Structures are given as structure tokens and as C-alpha cells.
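Trainee: Contents of model_26.txt (compact mmCIF, C-alpha atoms (C1' of nucleotides)) are given next:
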```
# COMPACT_ATOMS: atom_id res chain seq x y z
CA MET A 184 0.00 0.00 0.00
CA ASP A 185 2.99 2.26 0.20
CA ASP A 186 2.69 2.83 -3.52
CA GLY A 187 -0.76 4.24 -3.09
CA ARG A 188 -2.59 1.26 -4.49
CA ALA A 189 -4.69 -1.17 -2.58
CA THR A 190 -5.61 -4.36 -4.34
CA ILE A 191 -7.19 -7.59 -3.33
CA THR A 192 -7.47 -10.74 -5.33
CA ARG A 193 -10.80 -12.48 -5.48
CA GLY A 194 -11.76 -15.17 -7.93
CA GLY A 195 -8.66 -14.53 -10.00
CA GLU A 196 -9.68 -10.95 -10.52
CA ASN A 197 -7.73 -7.98 -9.37
CA LEU A 198 -9.91 -5.42 -7.63
CA LEU A 199 -8.80 -1.90 -6.96
CA PHE A 200 -10.11 0.24 -4.15
CA LEU A 201 -10.58 3.58 -5.77
CA THR A 202 -10.19 5.81 -2.79
CA ASP A 203 -10.57 9.55 -3.20
CA GLU A 204 -6.91 9.88 -2.33
CA GLN A 205 -5.92 7.64 -5.22
CA LEU A 206 -8.18 9.46 -7.62
CA ARG A 207 -6.71 12.75 -6.49
CA GLN A 208 -3.24 11.42 -7.15
CA GLY A 209 -4.35 10.50 -10.64
CA ILE A 210 -5.72 13.99 -11.13
CA GLU A 211 -2.53 15.62 -9.95
CA ALA A 212 -0.44 13.26 -12.05
CA MET A 213 -2.38 14.37 -15.13
CA PHE A 214 -1.85 18.00 -14.21
CA PHE A 215 1.89 17.79 -13.68
CA ALA A 216 2.49 15.38 -16.55
CA TYR A 217 0.65 17.59 -19.03
CA ARG A 218 2.96 20.42 -18.10
CA GLY A 219 5.92 18.23 -18.96
CA PHE A 220 4.18 17.05 -22.10
CA THR A 221 3.89 20.56 -23.51
CA ALA A 222 7.09 22.04 -22.05
CA ASP A 223 9.53 21.17 -24.84
CA PRO A 224 7.47 22.34 -27.84
CA ASP A 225 6.49 25.43 -25.85
CA ARG A 226 10.13 26.35 -25.44
CA ILE A 227 10.71 26.08 -29.19
CA LEU A 228 7.58 28.07 -30.01
CA ALA A 229 8.37 30.81 -27.50
CA ASP A 230 11.21 32.01 -29.70
CA MET A 231 8.88 32.47 -32.65
CA ALA A 232 5.60 34.33 -32.80
CA TYR A 233 3.77 31.02 -32.33
CA GLY A 234 2.03 29.28 -29.50
CA ARG A 235 0.48 25.99 -28.59
CA ALA A 236 -2.45 26.58 -30.92
CA HIS A 237 -0.09 26.72 -33.89
CA HIS A 238 1.55 23.52 -32.77
CA ARG A 239 -1.75 21.72 -32.62
CA ALA A 240 -2.76 22.89 -36.07
CA ILE A 241 0.59 21.87 -37.53
CA HIS A 242 0.45 18.53 -35.82
CA PHE A 243 -2.93 17.54 -37.17
CA ILE A 244 -2.35 18.92 -40.67
CA ASN A 245 0.75 16.76 -40.78
CA ARG A 246 -1.21 13.85 -39.39
CA ALA A 247 -4.02 14.14 -41.93
CA PRO A 248 -2.65 15.98 -44.96
CA GLY A 249 -5.34 17.45 -47.17
CA THR A 250 -7.77 17.74 -44.28
CA THR A 251 -10.48 20.35 -44.67
CA VAL A 252 -10.85 23.29 -42.34
CA ASN A 253 -14.09 21.87 -41.00
CA ASN A 254 -12.48 18.55 -40.20
CA LEU A 255 -9.61 20.25 -38.41
CA LEU A 256 -12.15 22.28 -36.46
CA ASN A 257 -13.77 19.11 -35.19
CA ILE A 258 -10.47 17.57 -34.20
CA LEU A 259 -9.24 20.63 -32.34
CA GLY A 260 -12.57 21.49 -30.76
CA VAL A 261 -12.30 25.25 -31.18
CA THR A 262 -14.31 27.82 -33.12
CA LYS A 263 -13.50 28.60 -36.71
CA GLN A 264 -12.60 32.17 -35.72
CA SER A 265 -10.00 30.87 -33.32
CA LEU A 266 -8.59 28.41 -35.82
CA ASN A 267 -8.69 30.93 -38.61
CA ARG A 268 -6.48 33.35 -36.76
CA VAL A 269 -3.85 30.67 -36.33
CA LEU A 270 -4.23 29.27 -39.83
CA ARG A 271 -3.94 32.67 -41.43
CA THR A 272 -0.56 33.36 -39.87
CA LEU A 273 0.68 29.91 -40.80
CA ILE A 274 -0.39 30.40 -44.42
CA GLU A 275 1.06 33.92 -44.55
CA ASP A 276 4.34 32.64 -43.16
CA GLY A 277 4.44 29.89 -45.78
CA LEU A 278 4.18 26.93 -43.40
CA VAL A 279 0.77 25.78 -44.55
CA GLU A 280 -0.75 25.64 -48.00
CA SER A 281 -4.50 25.90 -48.59
CA ARG A 282 -5.77 24.34 -51.80
CA VAL A 283 -9.27 24.73 -53.16
CA GLY A 284 -11.10 21.41 -53.25
CA LYS A 285 -11.37 19.55 -56.54
CA SER A 286 -14.78 17.96 -56.20
CA ASP A 287 -16.17 20.57 -53.83
CA LYS A 288 -14.69 23.97 -54.49
CA ARG A 289 -16.05 25.41 -51.25
CA GLU A 290 -13.63 23.28 -49.28
CA ARG A 291 -10.02 24.15 -48.59
CA HIS A 292 -7.55 21.32 -48.19
CA LEU A 293 -4.62 21.97 -45.91
CA PHE A 294 -1.05 20.81 -46.40
CA LEU A 295 2.27 21.55 -44.78
CA THR A 296 4.87 23.20 -47.00
CA GLU A 297 8.53 22.25 -46.81
CA ASP A 298 9.06 24.86 -44.09
CA GLY A 299 5.96 23.61 -42.33
CA HIS A 300 7.34 20.09 -42.29
CA ALA A 301 10.63 21.39 -40.94
CA LEU A 302 8.93 23.04 -37.97
CA GLU A 303 6.64 20.06 -37.43
CA GLY A 304 9.72 17.88 -37.25
CA ARG A 305 11.44 20.06 -34.69
CA LEU A 306 8.35 20.19 -32.50
CA SER A 307 7.45 16.54 -32.62
CA ASP A 308 11.05 15.43 -32.23
CA ALA A 309 11.13 17.31 -28.95
CA GLN A 310 7.80 15.96 -27.81
CA ARG A 311 8.53 12.43 -28.95
CA ALA A 312 11.87 12.43 -27.18
CA ARG A 313 10.17 12.99 -23.85
CA MET A 314 7.45 10.48 -24.62
CA ARG A 315 10.04 7.93 -25.71
CA ALA A 316 12.05 8.40 -22.53
CA ALA A 317 8.92 8.07 -20.41
CA PHE A 318 7.81 4.94 -22.28
CA ARG A 319 11.26 3.39 -22.00
CA ASP A 320 11.50 4.11 -18.28
CA ALA A 321 8.01 2.83 -17.59
CA GLY A 322 8.13 -0.34 -19.68
CA PRO A 323 5.71 -1.88 -22.16
CA GLU A 324 3.05 -2.97 -19.69
CA ALA A 325 2.86 0.47 -18.17
CA VAL A 326 2.61 1.99 -21.64
CA ALA A 327 -0.33 -0.24 -22.48
CA GLY A 328 -2.02 0.74 -19.23
CA PHE A 329 -1.30 4.39 -19.84
CA ARG A 330 -3.08 4.29 -23.16
CA THR A 331 -5.98 2.26 -21.84
CA VAL A 332 -6.69 4.76 -19.08
CA LEU A 333 -6.30 7.77 -21.35
CA GLU A 334 -8.73 6.32 -23.86
CA ALA A 335 -11.22 5.65 -21.09
CA MET A 336 -10.91 9.26 -19.99
CA MET A 337 -11.84 10.76 -23.36
CA ASP A 338 -15.32 11.92 -24.27
CA THR A 339 -16.88 9.40 -26.64
CA GLU A 340 -16.79 11.91 -29.50
CA MET A 341 -13.09 12.58 -28.98
CA HIS A 342 -12.45 8.88 -28.63
CA ARG A 343 -13.97 8.27 -32.04
CA THR A 344 -11.78 10.99 -33.54
CA TYR A 345 -8.74 9.50 -31.83
CA GLN A 346 -9.54 6.04 -33.15
CA ARG A 347 -10.08 7.31 -36.67
CA LEU A 348 -6.70 9.03 -36.64
CA LYS A 349 -5.08 5.95 -35.17
CA GLU A 350 -6.45 3.69 -37.86
CA SER A 351 -5.50 6.05 -40.64
CA GLY A 352 -1.95 6.14 -39.33
CA ALA A 353 -0.45 2.71 -38.93
CA MET B 1333 0.21 -5.86 -33.49
CA ASP B 1334 -3.30 -4.80 -34.25
CA ASP B 1335 -3.37 -2.89 -31.01
CA GLY B 1336 -0.53 -0.69 -32.12
CA ARG B 1337 2.09 -2.30 -29.92
CA ALA B 1338 4.95 -4.47 -31.05
CA THR B 1339 6.75 -6.44 -28.39
CA ILE B 1340 9.33 -9.16 -28.37
CA THR B 1341 10.48 -11.22 -25.47
CA ARG B 1342 14.16 -11.66 -24.88
CA GLY B 1343 15.79 -12.95 -21.74
CA GLY B 1344 12.49 -12.82 -19.90
CA GLU B 1345 12.23 -9.11 -20.56
CA ASN B 1346 9.51 -7.48 -22.54
CA LEU B 1347 10.89 -5.06 -25.09
CA LEU B 1348 8.79 -2.47 -26.82
CA PHE B 1349 9.53 -1.10 -30.23
CA LEU B 1350 8.89 2.56 -29.81
CA THR B 1351 8.02 3.48 -33.34
CA ASP B 1352 7.24 7.08 -34.15
CA GLU B 1353 3.70 6.00 -34.88
CA GLN B 1354 3.27 4.62 -31.38
CA LEU B 1355 4.78 7.70 -29.81
CA ARG B 1356 2.45 9.86 -31.85
CA GLN B 1357 -0.51 7.85 -30.63
CA GLY B 1358 0.67 8.47 -27.10
CA ILE B 1359 0.90 12.18 -27.83
CA GLU B 1360 -2.57 12.32 -29.30
CA ALA B 1361 -3.96 10.25 -26.45
CA MET B 1362 -2.60 12.82 -24.02
CA PHE B 1363 -4.15 15.63 -26.03
CA PHE B 1364 -7.62 14.16 -26.26
CA ALA B 1365 -7.62 12.76 -22.75
CA TYR B 1366 -6.65 16.06 -21.23
CA ARG B 1367 -9.64 17.65 -22.88
CA GLY B 1368 -11.86 15.07 -21.22
CA PHE B 1369 -10.01 15.52 -17.97
CA THR B 1370 -10.85 19.22 -17.78
CA ALA B 1371 -14.26 19.14 -19.47
CA ASP B 1372 -16.47 18.53 -16.43
CA PRO B 1373 -15.01 21.16 -14.08
CA ASP B 1374 -14.89 23.59 -17.02
CA ARG B 1375 -18.61 23.21 -17.51
CA ILE B 1376 -19.28 24.00 -13.85
CA LEU B 1377 -16.94 26.99 -13.88
CA ALA B 1378 -18.38 28.40 -17.10
CA ASP B 1379 -21.56 29.33 -15.24
CA MET B 1380 -19.61 31.40 -12.76
CA ALA B 1381 -17.07 34.10 -13.39
CA TYR B 1382 -14.30 31.55 -12.86
CA GLY B 1383 -11.96 29.60 -15.06
CA ARG B 1384 -9.47 26.78 -14.90
CA ALA B 1385 -6.98 28.93 -13.02
CA HIS B 1386 -9.45 29.31 -10.17
CA HIS B 1387 -10.01 25.58 -10.09
CA ARG B 1388 -6.29 24.90 -9.84
CA ALA B 1389 -5.85 27.38 -7.01
CA ILE B 1390 -8.82 25.95 -5.12
CA HIS B 1391 -7.60 22.41 -5.65
CA PHE B 1392 -4.14 22.96 -4.23
CA ILE B 1393 -5.29 25.17 -1.36
CA ASN B 1394 -7.62 22.35 -0.38
CA ARG B 1395 -4.80 19.85 -0.83
CA ALA B 1396 -2.36 21.77 1.32
CA PRO B 1397 -4.33 24.04 3.66
CA GLY B 1398 -2.29 26.88 5.07
CA THR B 1399 0.08 26.90 2.13
CA THR B 1400 1.85 30.17 1.49
CA VAL B 1401 1.40 32.16 -1.70
CA ASN B 1402 4.97 31.42 -2.68
CA ASN B 1403 4.50 27.71 -2.25
CA LEU B 1404 1.35 27.80 -4.33
CA LEU B 1405 3.26 29.74 -6.96
CA ASN B 1406 5.80 26.96 -7.23
CA ILE B 1407 3.15 24.28 -7.50
CA LEU B 1408 1.16 26.07 -10.16
CA GLY B 1409 4.12 27.35 -12.13
CA VAL B 1410 2.71 30.77 -12.95
CA THR B 1411 3.75 34.30 -12.07
CA LYS B 1412 2.65 35.90 -8.83
CA GLN B 1413 0.75 38.53 -10.82
CA SER B 1414 -1.27 35.83 -12.53
CA LEU B 1415 -1.96 33.97 -9.34
CA ASN B 1416 -2.72 37.16 -7.47
CA ARG B 1417 -5.49 38.13 -9.83
CA VAL B 1418 -7.15 34.77 -9.32
CA LEU B 1419 -6.55 34.75 -5.59
CA ARG B 1420 -7.94 38.24 -5.15
CA THR B 1421 -11.28 37.35 -6.71
CA LEU B 1422 -11.48 34.17 -4.65
CA ILE B 1423 -10.80 36.12 -1.46
CA GLU B 1424 -13.25 38.88 -2.42
CA ASP B 1425 -15.91 36.29 -3.13
CA GLY B 1426 -15.30 34.66 0.22
CA LEU B 1427 -14.07 31.31 -1.04
CA VAL B 1428 -10.51 31.67 0.21
CA GLU B 1429 -9.20 33.13 3.43
CA SER B 1430 -5.75 34.64 3.67
CA ARG B 1431 -4.23 34.67 7.15
CA VAL B 1432 -1.10 36.55 8.05
CA GLY B 1433 1.65 34.18 9.15
CA LYS B 1434 2.27 33.76 12.87
CA SER B 1435 6.00 33.25 12.88
CA ASP B 1436 6.63 35.19 9.69
CA LYS B 1437 4.12 37.96 9.26
CA ARG B 1438 5.12 38.57 5.64
CA GLU B 1439 3.69 35.28 4.64
CA ARG B 1440 0.04 34.71 3.93
CA HIS B 1441 -1.43 31.32 4.65
CA LEU B 1442 -4.30 30.29 2.45
CA PHE B 1443 -7.38 28.36 3.50
CA LEU B 1444 -10.69 27.51 1.92
CA THR B 1445 -13.77 28.93 3.59
CA GLU B 1446 -16.95 26.94 3.92
CA ASP B 1447 -18.09 28.23 0.53
CA GLY B 1448 -14.68 27.44 -0.89
CA HIS B 1449 -14.95 23.87 0.30
CA ALA B 1450 -18.39 23.62 -1.23
CA LEU B 1451 -17.13 24.65 -4.66
CA GLU B 1452 -14.04 22.49 -4.33
CA GLY B 1453 -16.30 19.56 -3.63
CA ARG B 1454 -18.45 20.16 -6.66
CA LEU B 1455 -15.44 20.49 -8.93
CA SER B 1456 -13.50 17.53 -7.68
CA ASP B 1457 -16.58 15.34 -7.51
CA ALA B 1458 -17.05 15.93 -11.21
CA GLN B 1459 -13.42 15.35 -12.03
CA ARG B 1460 -13.11 12.32 -9.79
CA ALA B 1461 -16.22 10.76 -11.27
CA ARG B 1462 -14.60 10.69 -14.68
CA MET B 1463 -11.29 9.48 -13.30
CA ARG B 1464 -13.05 6.79 -11.32
CA ALA B 1465 -14.94 5.58 -14.36
CA ALA B 1466 -11.76 5.51 -16.42
CA PHE B 1467 -9.86 3.65 -13.69
CA ARG B 1468 -12.68 1.17 -13.29
CA ASP B 1469 -12.93 0.51 -17.03
CA ALA B 1470 -9.20 0.18 -17.45
CA GLY B 1471 -8.49 -2.04 -14.45
CA PRO B 1472 -5.85 -1.90 -11.72
CA GLU B 1473 -2.86 -2.90 -13.82
CA ALA B 1474 -3.63 -0.24 -16.39
CA VAL B 1475 -4.00 2.33 -13.62
CA ALA B 1476 -0.59 1.45 -12.25
CA GLY B 1477 0.90 1.79 -15.73
CA PHE B 1478 -0.90 5.06 -16.29
CA ARG B 1479 0.66 6.56 -13.21
CA THR B 1480 4.09 5.18 -13.94
CA VAL B 1481 4.18 6.73 -17.40
CA LEU B 1482 2.79 10.06 -16.19
CA GLU B 1483 5.41 10.28 -13.48
CA ALA B 1484 8.12 9.54 -16.01
CA MET B 1485 6.81 12.33 -18.20
CA MET B 1486 7.08 15.05 -15.53
CA ASP B 1487 10.01 17.40 -15.22
CA THR B 1488 12.12 16.38 -12.25
CA GLU B 1489 11.14 19.52 -10.35
CA MET B 1490 7.44 18.87 -10.88
CA HIS B 1491 7.95 15.23 -9.98
CA ARG B 1492 9.40 16.24 -6.64
CA THR B 1493 6.44 18.52 -5.99
CA TYR B 1494 4.06 15.72 -6.96
CA GLN B 1495 5.80 13.27 -4.63
CA ARG B 1496 5.75 15.73 -1.76
CA LEU B 1497 2.02 16.24 -2.18
CA LYS B 1498 1.46 12.52 -2.49
CA GLU B 1499 3.31 11.76 0.73
CA SER B 1500 1.54 14.50 2.64
CA GLY B 1501 -1.80 13.10 1.55
CA ALA B 1502 -2.19 9.46 2.37
C1' DT C 749 20.43 49.73 10.27
C1' DT C 750 20.53 48.08 6.02
C1' DG C 751 19.87 44.43 2.61
C1' DG C 752 17.01 41.09 0.94
C1' DA C 753 12.83 38.30 0.97
C1' DA C 754 7.78 37.83 0.71
C1' DT C 755 3.92 39.91 -0.72
C1' DG C 756 0.98 42.88 -3.14
C1' DT C 757 -0.28 46.24 -6.73
C1' DC C 758 -0.46 48.97 -11.09
C1' DA C 759 -0.02 49.12 -15.97
C1' DA C 760 0.42 47.24 -20.34
C1' DC C 761 0.43 43.62 -23.41
C1' DA C 762 -0.30 39.00 -25.99
C1' DA C 763 -2.22 34.46 -26.91
C1' DG C 764 -6.02 32.15 -27.60
C1' DG C 765 -10.43 31.05 -26.31
C1' DC C 766 -15.47 32.84 -27.08
C1' DT C 767 -20.08 35.06 -29.38
C1' DG C 768 -22.49 37.40 -32.95
C1' DA C 769 -23.13 39.25 -37.39
C1' DC C 770 -22.08 39.16 -42.01
C1' DT C 771 -20.16 37.97 -46.87
C1' DT C 772 -18.89 35.03 -50.60
C1' DA C 773 -19.02 31.11 -53.32
C1' DA C 774 -20.45 26.65 -54.25
C1' DA C 775 -23.50 22.94 -53.91
C1' DC C 776 -27.68 20.96 -53.23
C1' DT C 777 -32.84 20.63 -53.66
C1' DG C 778 -37.54 21.24 -54.69
C1' DC D 591 -34.19 27.95 -62.16
C1' DA D 592 -34.90 29.84 -57.35
C1' DG D 593 -34.11 29.24 -52.83
C1' DT D 594 -31.65 27.09 -49.15
C1' DT D 595 -27.80 25.13 -47.07
C1' DT D 596 -22.97 24.54 -46.42
C1' DA D 597 -17.83 25.77 -46.17
C1' DA D 598 -14.98 29.15 -45.42
C1' DG D 599 -13.50 33.54 -44.20
C1' DT D 600 -13.80 38.09 -41.87
C1' DC D 601 -14.76 41.90 -38.58
C1' DA D 602 -15.63 43.50 -34.05
C1' DG D 603 -15.60 42.88 -29.37
C1' DC D 604 -15.19 40.36 -25.14
C1' DC D 605 -12.96 37.20 -21.49
C1' DT D 606 -9.42 34.47 -19.12
C1' DT D 607 -4.99 33.75 -18.20
C1' DG D 608 -0.57 34.08 -19.09
C1' DT D 609 3.59 37.49 -19.55
C1' DT D 610 7.10 41.74 -18.17
C1' DG D 611 8.44 45.69 -15.72
C1' DA D 612 8.24 48.93 -12.08
C1' DC D 613 7.33 49.94 -7.55
C1' DA D 614 5.61 49.97 -2.40
C1' DT D 615 5.28 47.73 1.92
C1' DT D 616 6.53 44.91 5.54
C1' DC D 617 9.60 42.58 8.22
C1' DC D 618 13.34 39.22 9.19
C1' DA D 619 18.20 38.70 9.83
C1' DA D 620 22.95 39.71 9.48
```
Let me see the structure of the file written as C-alpha cells.
Mentor:
Amino acid sequence: MDDGRATITRGGENLLFLTDEQLRQGIEAMFFAYRGFTADPDRILADMAYGRAHHRAIHFINRAPGTTVNNLLNILGVTKQSLNRVLRTLIEDGLVESRVGKSDKRERHLFLTEDGHALEGRLSDAQRARMRAAFRDAGPEAVAGFRTVLEAMMDTEMHRTYQRLKESGA
Amino acid sequence: MDDGRATITRGGENLLFLTDEQLRQGIEAMFFAYRGFTADPDRILADMAYGRAHHRAIHFINRAPGTTVNNLLNILGVTKQSLNRVLRTLIEDGLVESRVGKSDKRERHLFLTEDGHALEGRLSDAQRARMRAAFRDAGPEAVAGFRTVLEAMMDTEMHRTYQRLKESGA
DNA sequence: TTGGAATGTCAACAAGGCTGACTTAAACTG
DNA sequence: CAGTTTAAGTCAGCCTTGTTGACATTCCAA
């Protein structure tokens, strides 16, 4: 129990007493870990005129090249005015290209330019390095558990989005 | 491999291939899960004139009653001007009490009032409910892994703070 | 008694959320 | 074809929450 967990075994099943104290530790772990999670890209972005919002846009455009503005809006969960402000600067600065849709000319399809890919690389290298170190330190079983809990914590709508991205990736 | 993990066993040790794709899934899981993590308290706070910053202050004052402003500053990782703005409204609204230090009268010790405790309860009930559901769905082993990875993702300074809080709690 | 620490305050600013109103162009539909 | 809906973009204004810099107050400690 000195590790904060209390388990009993009954009928071959592992039961966990979810005390408020343990839940609070989980909450605080999320809080502090998220700070670490964003710290490295934030440092890179601080030197430029960009922030976390730009990072997110770049990340998901890279993840789903050719995505429409509307689709990106759903993934990011912000208003189009908010996204537009970010997108406009990225397009002006030549990091993102916006192409008119072929079948539906109302749509704009978003792509990273060469410069955009360069920045994306810098940002995700930094973020992946920390994630890789954490995964290595924690070990494969912990990594599996980590992802299981995170998925269970998402809203169902976000979880669907996450799954769709996951399937399109690997 | 259909779950996105690739493991081999060698010398009784489980090795994980940390492909960029798997790291990216971890990154996106953090992103989407954090949204879920904050969603419920955010909804409660939206009705009032408060935001996430107020929630964080209330949480840690409740966690460590009598904490000084400086200590809270270190935990939250913001500037004193930022914290002060939040703290001032909470004190004005009678949710937080600031007592001049006994031994060191420069220090202010922070406590939740009855109303402050009431709001803290509402907020953490909502947040704990989601965490509890996620922990229950994921199972005890996953929860252990979740915490292991999160701890490994923190900056060392934050990790110390987290540990100190953890030890003071249970 | 003087220096430094802890706290608080004022001003100004920026990022990044939000709402609401509106335009343009394209696509769909009766 | 006319009217409606949809995708995107824009303008204006607001809020929260972060930042820096400058400065005052209080009080401990050397």
C-alpha cells in the first residue's frame, strides 16, 4: 500500500479500491504530466511568434494531410474564428498551403509546406523524445495501461476521432 | 500488433519497439484525454465568473491548507501577478481566506472557507467521477501503468512537488 | 540599520479562447 | 431555375490567463 494502491485478489480478478486519495493522485499526475508534455514544444515556439495553438494545427495537418478546415475544427474542438487566426498566420508565413477542393470547391484542403514540415519535425522530435524516454522508463506494460486509461478518460466523441486518426496512421 | 504495440520477449524481458507512430498515438492520447479531464469542471466553472486557473488554485489550497502564496506559486508554475489576480477574486468572493503568518508575518497562509470547500467539492466530484470511471474501465494494472508513465513524463522539479504532495496526503 | 525576501499592486500587453453578425461562393434541392 | 444550405472567411468585441516591468510595503536577519 505504500505505492498508493490497494488491491485484493478475489476469484482470479484484481480489484482496486478507488479511494478519493488515489483518484486525487491520478488527477494531480495528469496536471503535472501535461505540463511536462507541452514544455519542450512550448520552449521552441516561444522564440517564434507562435504558440500551442499553432503547434496543434501543424500537428494535425501533418497527421491528416489534405484535411479540410471543417475537419480540423472538429479535431481541435475550437471555433473557426480561433482556428482561422492561427491558420492565417501559418499560411502567410508559408508553413501551410490551402488548396481549393477539386470535387467541392467550397472546401479548402490543408497541407504543410517544406518549411511547415521542418517546424513540425522540430516540434514533434522534442515531444517524442520525452514520450520515448517516459515509455522506455516505464516499460511496455505500463505503456499499455497508460493508453488504456487515457482512452477511457476521453469523451466518446473525442475517442472516435482519436480512433479514426489511429487507424489512418499505422 | 493490431493494437498498435509491437513487443518481443528476450531474456524474460519485454521489449517495446517505440516506433514514431506509437509515440504519436501516445501524444494524441494525451491531447484528447486532457480535454476530457478538464471538461467537467470547465462546464461548472463556465456558469460562474471563474476559469481553470481558479479551479487549480482551489484544488491545491484544499490539498495543502495553510500553504503560502509562494509555495502555491511553485506548485502552479505561474507568475505571482497571474496567481494574485485569481486569488484576489477568490478572497473577495469569500471562497478563500488569507491569514497573516504567525511566525513570519510577511507570509500569507491560504485556507478555503466553507463556501470554498463547497465549490471544491463540486469540482473535484465531477473530475473524480470521470477518473473513477476511467480507472474502473481500465483495471488496476492499467491504472498502475498510467501513473508510472505520467510520473516519467514530468520534469524532475514537478515530480518532486508531486511526490511531496502525495506523501503528505495518504 | 541596512539588505534582501515575501507579498501585493499597477499598468500594459499578448495568446487564444469565445459570441455574434455578415459575406462570398459553391452545392444541393424542390 | 430559385431558394436554401454549407464551407470558409472576416470583422468586431469580449474574457481568461498568461507574460514583463516597475514599484511599495513589511519585516526578518545579518
Trainee: Give me, as CSV, the closest atom pair and its distance (Å, one decimal) for every residue of chain B within a cut-off of 10 Å of chain C, counting all atoms listed in the file, rows sorted by chain and rising number.
Mentor:
```
residue,atom,partner,partner_atom,distance
B:Thr1400,CA,C:DA754,C1',9.7
B:Val1401,CA,C:DT755,C1',8.2
B:Asn1402,CA,C:DA754,C1',7.8
B:Lys1412,CA,C:DT755,C1',9.1
B:Gln1413,CA,C:DT757,C1',8.8
B:Asn1416,CA,C:DG756,C1',8.1
B:Asp1436,CA,C:DA754,C1',9.4
B:Lys1437,CA,C:DA754,C1',9.3
B:Arg1438,CA,C:DA754,C1',5.7
B:Glu1439,CA,C:DA754,C1',6.2
B:Arg1440,CA,C:DT755,C1',8.0
```
Trainee: Residues of chain B within 9 Å of chain D, counting all atoms listed in the file, what are they? List them as a ChimeraX atom specification.
Mentor: /B:1382-1385,1410-1411,1414,1436-1438
Trainee: Write down, as an mmCIF file with C-alpha atoms, in the coordinates of the input, each residue of chain B that has any atom within 6 Å of an atom of chain A, counting all atoms listed in the file.
Mentor:
```cif
data_model
loop_
_atom_site.group_PDB
_atom_site.id
_atom_site.type_symbol
_atom_site.label_atom_id
_atom_site.label_comp_id
_atom_site.auth_asym_id
_atom_site.auth_seq_id
_atom_site.Cartn_x
_atom_site.Cartn_y
_atom_site.Cartn_z
ATOM 1 C CA LEU B 1348 8.790 -2.470 -26.820
ATOM 2 C CA ALA B 1365 -7.620 12.760 -22.750
ATOM 3 C CA GLY B 1368 -11.860 15.070 -21.220
ATOM 4 C CA ALA B 1466 -11.760 5.510 -16.420
ATOM 5 C CA ALA B 1470 -9.200 0.180 -17.450
ATOM 6 C CA PRO B 1472 -5.850 -1.900 -11.720
ATOM 7 C CA ALA B 1474 -3.630 -0.240 -16.390
ATOM 8 C CA GLY B 1477 0.900 1.790 -15.730
ATOM 9 C CA PHE B 1478 -0.900 5.060 -16.290
ATOM 10 C CA THR B 1480 4.090 5.180 -13.940
ATOM 11 C CA VAL B 1481 4.180 6.730 -17.400
ATOM 12 C CA LEU B 1482 2.790 10.060 -16.190
ATOM 13 C CA ALA B 1484 8.120 9.540 -16.010
ATOM 14 C CA MET B 1485 6.810 12.330 -18.200
ATOM 15 C CA MET B 1486 7.080 15.050 -15.530
ATOM 16 C CA ASP B 1487 10.010 17.400 -15.220
#
```
Trainee: Please, what distance in Å, to one decimal, runs between CA of Leu295 (chain A) and CA of Pro248 (chain A)?
Mentor: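 Atom-to-atom, CA of Leu295 (chain A) and CA of Pro248 (chain A) are spaced 7.4 Å apart.
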Trainee: Extending 5 Å beyond the listed atoms of region 1435-1446 of chain B on each side, what axis-aligned box results? I want centre and edge lengths in Å to one decimal, as AutoDock Vina command-line options.
Mentor:
```
--center_x -5.2 --center_y 32.8 --center_z 7.4 --size_x 33.6 --size_y 21.6 --size_z 21.0
```
Trainee: My list of candidates is B:Ser1500, B:Thr1421, B:Asn1394, B:Thr1399. Which is closest to Leu1442 (chain B) when distances are computed with all atoms listed in the file?
Mentor: B:Thr1399
Trainee: Measure the distance from CA of Gly1398 (chain B) to CA of Phe1443 (chain B) in Å and round it to one decimal.
Mentor: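 Separating CA of Gly1398 (chain B) from CA of Phe1443 (chain B) is a distance of 5.5 Å.
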Trainee: I need every residue sitting at most 12 Å from the point (6.3, 23.9, -43.0) (coordinates as in the file, all atoms listed in the file considered), written as an mmCIF file with C-alpha atoms, keeping the file's coordinate frame.
Mentor:
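Just written: out33.cif:
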```cif
data_model
loop_
_atom_site.group_PDB
_atom_site.id
_atom_site.type_symbol
_atom_site.label_atom_id
_atom_site.label_comp_id
_atom_site.auth_asym_id
_atom_site.auth_seq_id
_atom_site.Cartn_x
_atom_site.Cartn_y
_atom_site.Cartn_z
ATOM 1 C CA HIS A 237 -0.090 26.720 -33.890
ATOM 2 C CA HIS A 238 1.550 23.520 -32.770
ATOM 3 C CA ALA A 240 -2.760 22.890 -36.070
ATOM 4 C CA ILE A 241 0.590 21.870 -37.530
ATOM 5 C CA HIS A 242 0.450 18.530 -35.820
ATOM 6 C CA ILE A 244 -2.350 18.920 -40.670
ATOM 7 C CA ASN A 245 0.750 16.760 -40.780
ATOM 8 C CA LEU A 273 0.680 29.910 -40.800
ATOM 9 C CA ILE A 274 -0.390 30.400 -44.420
ATOM 10 C CA GLU A 275 1.060 33.920 -44.550
ATOM 11 C CA ASP A 276 4.340 32.640 -43.160
ATOM 12 C CA GLY A 277 4.440 29.890 -45.780
ATOM 13 C CA LEU A 278 4.180 26.930 -43.400
ATOM 14 C CA VAL A 279 0.770 25.780 -44.550
ATOM 15 C CA GLU A 280 -0.750 25.640 -48.000
ATOM 16 C CA LEU A 293 -4.620 21.970 -45.910
ATOM 17 C CA PHE A 294 -1.050 20.810 -46.400
ATOM 18 C CA LEU A 295 2.270 21.550 -44.780
ATOM 19 C CA THR A 296 4.870 23.200 -47.000
ATOM 20 C CA GLU A 297 8.530 22.250 -46.810
ATOM 21 C CA ASP A 298 9.060 24.860 -44.090
ATOM 22 C CA GLY A 299 5.960 23.610 -42.330
ATOM 23 C CA HIS A 300 7.340 20.090 -42.290
ATOM 24 C CA ALA A 301 10.630 21.390 -40.940
ATOM 25 C CA LEU A 302 8.930 23.040 -37.970
ATOM 26 C CA GLU A 303 6.640 20.060 -37.430
ATOM 27 C CA GLY A 304 9.720 17.880 -37.250
ATOM 28 C CA ARG A 305 11.440 20.060 -34.690
ATOM 29 C CA LEU A 306 8.350 20.190 -32.500
#
```
Trainee: Please indicate the distance in Å from CA of Asp223 (chain A) to CA of Arg1492 (chain B), rounded to one decimal place.
Mentor: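 That distance, rounded to one decimal, is 18.9 Å.
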